Amino acid sequence: MSEAEARRQRQLLAALSLRGEPPALRERGARAERGLAAYRANASALAERALAAACPTLQAMLGEADFAALARAFWRDHPPQRGDLGEWGGELPGWIAAQAGLAEWPWLADSAWLDLALHHNERAADVSPELASLALLGEAEPAQIDLRLAAGMQLRVSAHPIASIHAAHRSGAPEAFAPVRAALAAGQGEAVCVSRAGWHAQVHRVSARELAFMLTLLRGASLAVALEAAGEGFDFGAWLQRAIEAEWLKGAARRIDSVKPHSTEPST
């Protein structure tokens, strides 16, 4: 693509998002303006559909009309930077948190994050677990082991019950919302883990100890350091069983810094 064509496309994107001057279209006048208006209308529809596919819980909470308005406003402020609209939306949680008009519903931003985490997790590349490597847990000291979590896993602590909100909207049953209202009234938050089992991304509530343990592993620390971060009372055996069932684990490996180099001294 030539630089001139790339510049024209950037100008068109700016015009579609109602920012900047209209691009150097091949036509001028009323017909060109009508065409650009049609592109803008289509962009609004694309924004609504793309964001609804990624954020069904957010759409359910806002209702279709308000969600459509939010999608259009978000498109104007953060237009897509690539052709795959499935990758669009990463700035949405922060954008929602900055909207003064949405301050009455402070859980919307974290709920949007959870929707997007699930959406992007399902689009990630498949990685086969190497569970046979877990035999290393019985062969080496924790300080010598890297326990590797599945690719695409995301963890978050929210001041709001976002896992419960998500589950209630997926259920749709009226009685499912009673504990959500109670948790919101009490100011109860939740820590969540997003991972994939098979083809489907899932939400798991995790305890503070589980969260500390897994966050430490994700930072590349050894199993020993992660166990220390989880603190006394952390049941590693129970966590391991849960991790295997939920497909949180990729496998285990011996830490490179724990492998002693072979001696270079001559034998006698």
# chains A, B, ... in the order shown; residues from 1 in each chain; ligands from 1
$ select_by_dssp --residues "stretch 114-148 of chain A" --states "strand (DSSP E or B)" --output "NGL selection string"
:A and (145-148)
$ write_last_selection --atoms "N, CA, C and O atoms" --output "PDB file, in the first residue's frame"
ATOM      1  N   ILE A 145      11.411 -25.454  40.663  1.00  0.00           N
ATOM      2  CA  ILE A 145      10.313 -25.724  39.730  1.00  0.00           C
ATOM      3  C   ILE A 145       9.651 -24.437  39.247  1.00  0.00           C
ATOM      4  O   ILE A 145       9.347 -23.537  40.034  1.00  0.00           O
ATOM      5  N   ASP A 146       9.418 -24.379  37.943  1.00  0.00           N
ATOM      6  CA  ASP A 146       8.528 -23.388  37.342  1.00  0.00           C
ATOM      7  C   ASP A 146       7.203 -24.086  37.072  1.00  0.00           C
ATOM      8  O   ASP A 146       7.158 -25.066  36.315  1.00  0.00           O
ATOM      9  N   LEU A 147       6.139 -23.603  37.684  1.00  0.00           N
ATOM     10  CA  LEU A 147       4.805 -24.129  37.424  1.00  0.00           C
ATOM     11  C   LEU A 147       4.140 -23.155  36.456  1.00  0.00           C
ATOM     12  O   LEU A 147       3.886 -21.999  36.802  1.00  0.00           O
ATOM     13  N   ARG A 148       3.890 -23.609  35.250  1.00  0.00           N
ATOM     14  CA  ARG A 148       3.453 -22.719  34.178  1.00  0.00           C
ATOM     15  C   ARG A 148       1.944 -22.797  33.981  1.00  0.00           C
ATOM     16  O   ARG A 148       1.389 -23.886  33.799  1.00  0.00           O
TER      17      ARG A 148
END
$ residues_around --residues "A:Ala52" --least-positions-apart "3" --cutoff "12 Å" --atoms "only C-alpha atoms" --output "PyMOL selection string"
chain A and resi 45-49+55-72+85-86+88-89+112+115-116+119
$ select_by_dssp --residues "stretch 143-176 of chain A" --states "alpha helix (DSSP H)" --output "list in words"
Ile162, Ala163, Ser164, Ile165, His166, Ala167, Ala168, His169, Arg170 and Ser171 of chain A
$ residues_around --residues "stretch 236-251 of chain A" --least-positions-apart "4" --cutoff "9 Å" --atoms "only C-alpha atoms" --output "list in words"
Val127, Ser128, Pro129, Glu130, Leu131, Ala132, Ser133, Leu134, Asp146, Leu147, Arg148, Leu149, Ala150, Ala151, Met153, Ser195, Arg196, Ala197, Gly198, Gln202, His204, Glu210 and Leu227 of chain A
$ write_last_selection --atoms "N, CA, C and O atoms" --output "mmCIF file, in the first residue's frame"
data_model
loop_
_atom_site.group_PDB
_atom_site.id
_atom_site.type_symbol
_atom_site.label_atom_id
_atom_site.label_comp_id
_atom_site.auth_asym_id
_atom_site.auth_seq_id
_atom_site.Cartn_x
_atom_site.Cartn_y
_atom_site.Cartn_z
ATOM 1 N N VAL A 127 -3.185 -24.039 23.101
ATOM 2 C CA VAL A 127 -1.930 -24.552 23.662
ATOM 3 C C VAL A 127 -2.244 -25.849 24.396
ATOM 4 O O VAL A 127 -3.086 -25.866 25.302
ATOM 5 N N SER A 128 -1.602 -26.928 24.004
ATOM 6 C CA SER A 128 -1.875 -28.217 24.636
ATOM 7 C C SER A 128 -1.169 -28.312 25.984
ATOM 8 O O SER A 128 0.024 -27.990 26.092
ATOM 9 N N PRO A 129 -1.875 -28.729 27.031
ATOM 10 C CA PRO A 129 -1.219 -28.893 28.334
ATOM 11 C C PRO A 129 -0.236 -30.053 28.314
ATOM 12 O O PRO A 129 -0.382 -31.011 27.541
ATOM 13 N N GLU A 130 0.763 -29.964 29.164
ATOM 14 C CA GLU A 130 1.789 -31.001 29.275
ATOM 15 C C GLU A 130 1.738 -31.564 30.697
ATOM 16 O O GLU A 130 2.645 -31.359 31.510
ATOM 17 N N LEU A 131 0.644 -32.254 30.994
ATOM 18 C CA LEU A 131 0.403 -32.690 32.367
ATOM 19 C C LEU A 131 1.396 -33.749 32.828
ATOM 20 O O LEU A 131 1.626 -33.892 34.034
ATOM 21 N N ALA A 132 2.001 -34.473 31.903
ATOM 22 C CA ALA A 132 3.000 -35.465 32.309
ATOM 23 C C ALA A 132 4.179 -34.795 33.001
ATOM 24 O O ALA A 132 4.844 -35.404 33.851
ATOM 25 N N SER A 133 4.409 -33.522 32.656
ATOM 26 C CA SER A 133 5.531 -32.808 33.264
ATOM 27 C C SER A 133 5.312 -32.532 34.748
ATOM 28 O O SER A 133 6.259 -32.204 35.464
ATOM 29 N N LEU A 134 4.064 -32.697 35.226
ATOM 30 C CA LEU A 134 3.798 -32.456 36.642
ATOM 31 C C LEU A 134 4.451 -33.498 37.541
ATOM 32 O O LEU A 134 4.497 -33.322 38.766
ATOM 33 N N ASP A 146 9.418 -24.379 37.943
ATOM 34 C CA ASP A 146 8.528 -23.388 37.342
ATOM 35 C C ASP A 146 7.203 -24.086 37.072
ATOM 36 O O ASP A 146 7.158 -25.066 36.315
ATOM 37 N N LEU A 147 6.139 -23.603 37.684
ATOM 38 C CA LEU A 147 4.805 -24.129 37.424
ATOM 39 C C LEU A 147 4.140 -23.155 36.456
ATOM 40 O O LEU A 147 3.886 -21.999 36.802
ATOM 41 N N ARG A 148 3.890 -23.609 35.250
ATOM 42 C CA ARG A 148 3.453 -22.719 34.178
ATOM 43 C C ARG A 148 1.944 -22.797 33.981
ATOM 44 O O ARG A 148 1.389 -23.886 33.799
ATOM 45 N N LEU A 149 1.321 -21.625 33.998
ATOM 46 C CA LEU A 149 -0.126 -21.547 33.823
ATOM 47 C C LEU A 149 -0.463 -21.459 32.335
ATOM 48 O O LEU A 149 0.370 -21.110 31.500
ATOM 49 N N ALA A 150 -1.700 -21.776 32.026
ATOM 50 C CA ALA A 150 -2.150 -21.797 30.633
ATOM 51 C C ALA A 150 -2.039 -20.412 30.009
ATOM 52 O O ALA A 150 -2.239 -19.389 30.665
ATOM 53 N N ALA A 151 -1.729 -20.388 28.730
ATOM 54 C CA ALA A 151 -1.626 -19.124 28.003
ATOM 55 C C ALA A 151 -2.981 -18.433 27.967
ATOM 56 O O ALA A 151 -4.021 -19.084 27.879
ATOM 57 N N MET A 153 -4.458 -16.822 30.335
ATOM 58 C CA MET A 153 -5.133 -16.668 31.618
ATOM 59 C C MET A 153 -5.043 -15.222 32.079
ATOM 60 O O MET A 153 -4.015 -14.563 31.935
ATOM 61 N N SER A 195 -10.010 -18.303 32.217
ATOM 62 C CA SER A 195 -9.202 -19.305 31.521
ATOM 63 C C SER A 195 -10.105 -20.057 30.567
ATOM 64 O O SER A 195 -11.323 -19.876 30.565
ATOM 65 N N ARG A 196 -9.502 -20.920 29.769
ATOM 66 C CA ARG A 196 -10.290 -21.652 28.778
ATOM 67 C C ARG A 196 -10.228 -23.135 29.051
ATOM 68 O O ARG A 196 -9.164 -23.692 29.305
ATOM 69 N N ALA A 197 -11.403 -23.753 28.977
ATOM 70 C CA ALA A 197 -11.505 -25.206 29.058
ATOM 71 C C ALA A 197 -12.045 -25.676 27.721
ATOM 72 O O ALA A 197 -13.196 -25.393 27.373
ATOM 73 N N GLY A 198 -11.209 -26.361 26.960
ATOM 74 C CA GLY A 198 -11.611 -26.727 25.615
ATOM 75 C C GLY A 198 -11.728 -25.484 24.748
ATOM 76 O O GLY A 198 -10.803 -24.686 24.646
ATOM 77 N N GLN A 202 -13.947 -19.464 30.548
ATOM 78 C CA GLN A 202 -14.756 -19.587 31.757
ATOM 79 C C GLN A 202 -14.298 -18.596 32.814
ATOM 80 O O GLN A 202 -13.134 -18.173 32.835
ATOM 81 N N HIS A 204 -13.856 -18.026 36.886
ATOM 82 C CA HIS A 204 -13.728 -18.736 38.158
ATOM 83 C C HIS A 204 -13.514 -17.710 39.269
ATOM 84 O O HIS A 204 -12.641 -16.842 39.151
ATOM 85 N N GLU A 210 -5.374 -17.960 46.554
ATOM 86 C CA GLU A 210 -5.206 -18.487 45.202
ATOM 87 C C GLU A 210 -4.743 -17.386 44.247
ATOM 88 O O GLU A 210 -3.873 -17.608 43.397
ATOM 89 N N LEU A 227 4.387 -20.181 46.682
ATOM 90 C CA LEU A 227 3.818 -20.746 47.908
ATOM 91 C C LEU A 227 3.984 -19.782 49.076
ATOM 92 O O LEU A 227 3.085 -19.625 49.915
#
$ atom_distance --atom1 "atom CA of A:Pro179" --atom2 "atom CA of A:Ser164"
7.9 Å
$ atom_distance --atom1 "atom CA of A:His169" --atom2 "atom CA of A:Val203"
13.1 Å
$ closest_residue --among "A:Leu137, A:Ala191, A:Ala73, A:Arg209" --to "A:Ala253" --atoms "only C-alpha atoms"
A:Leu137
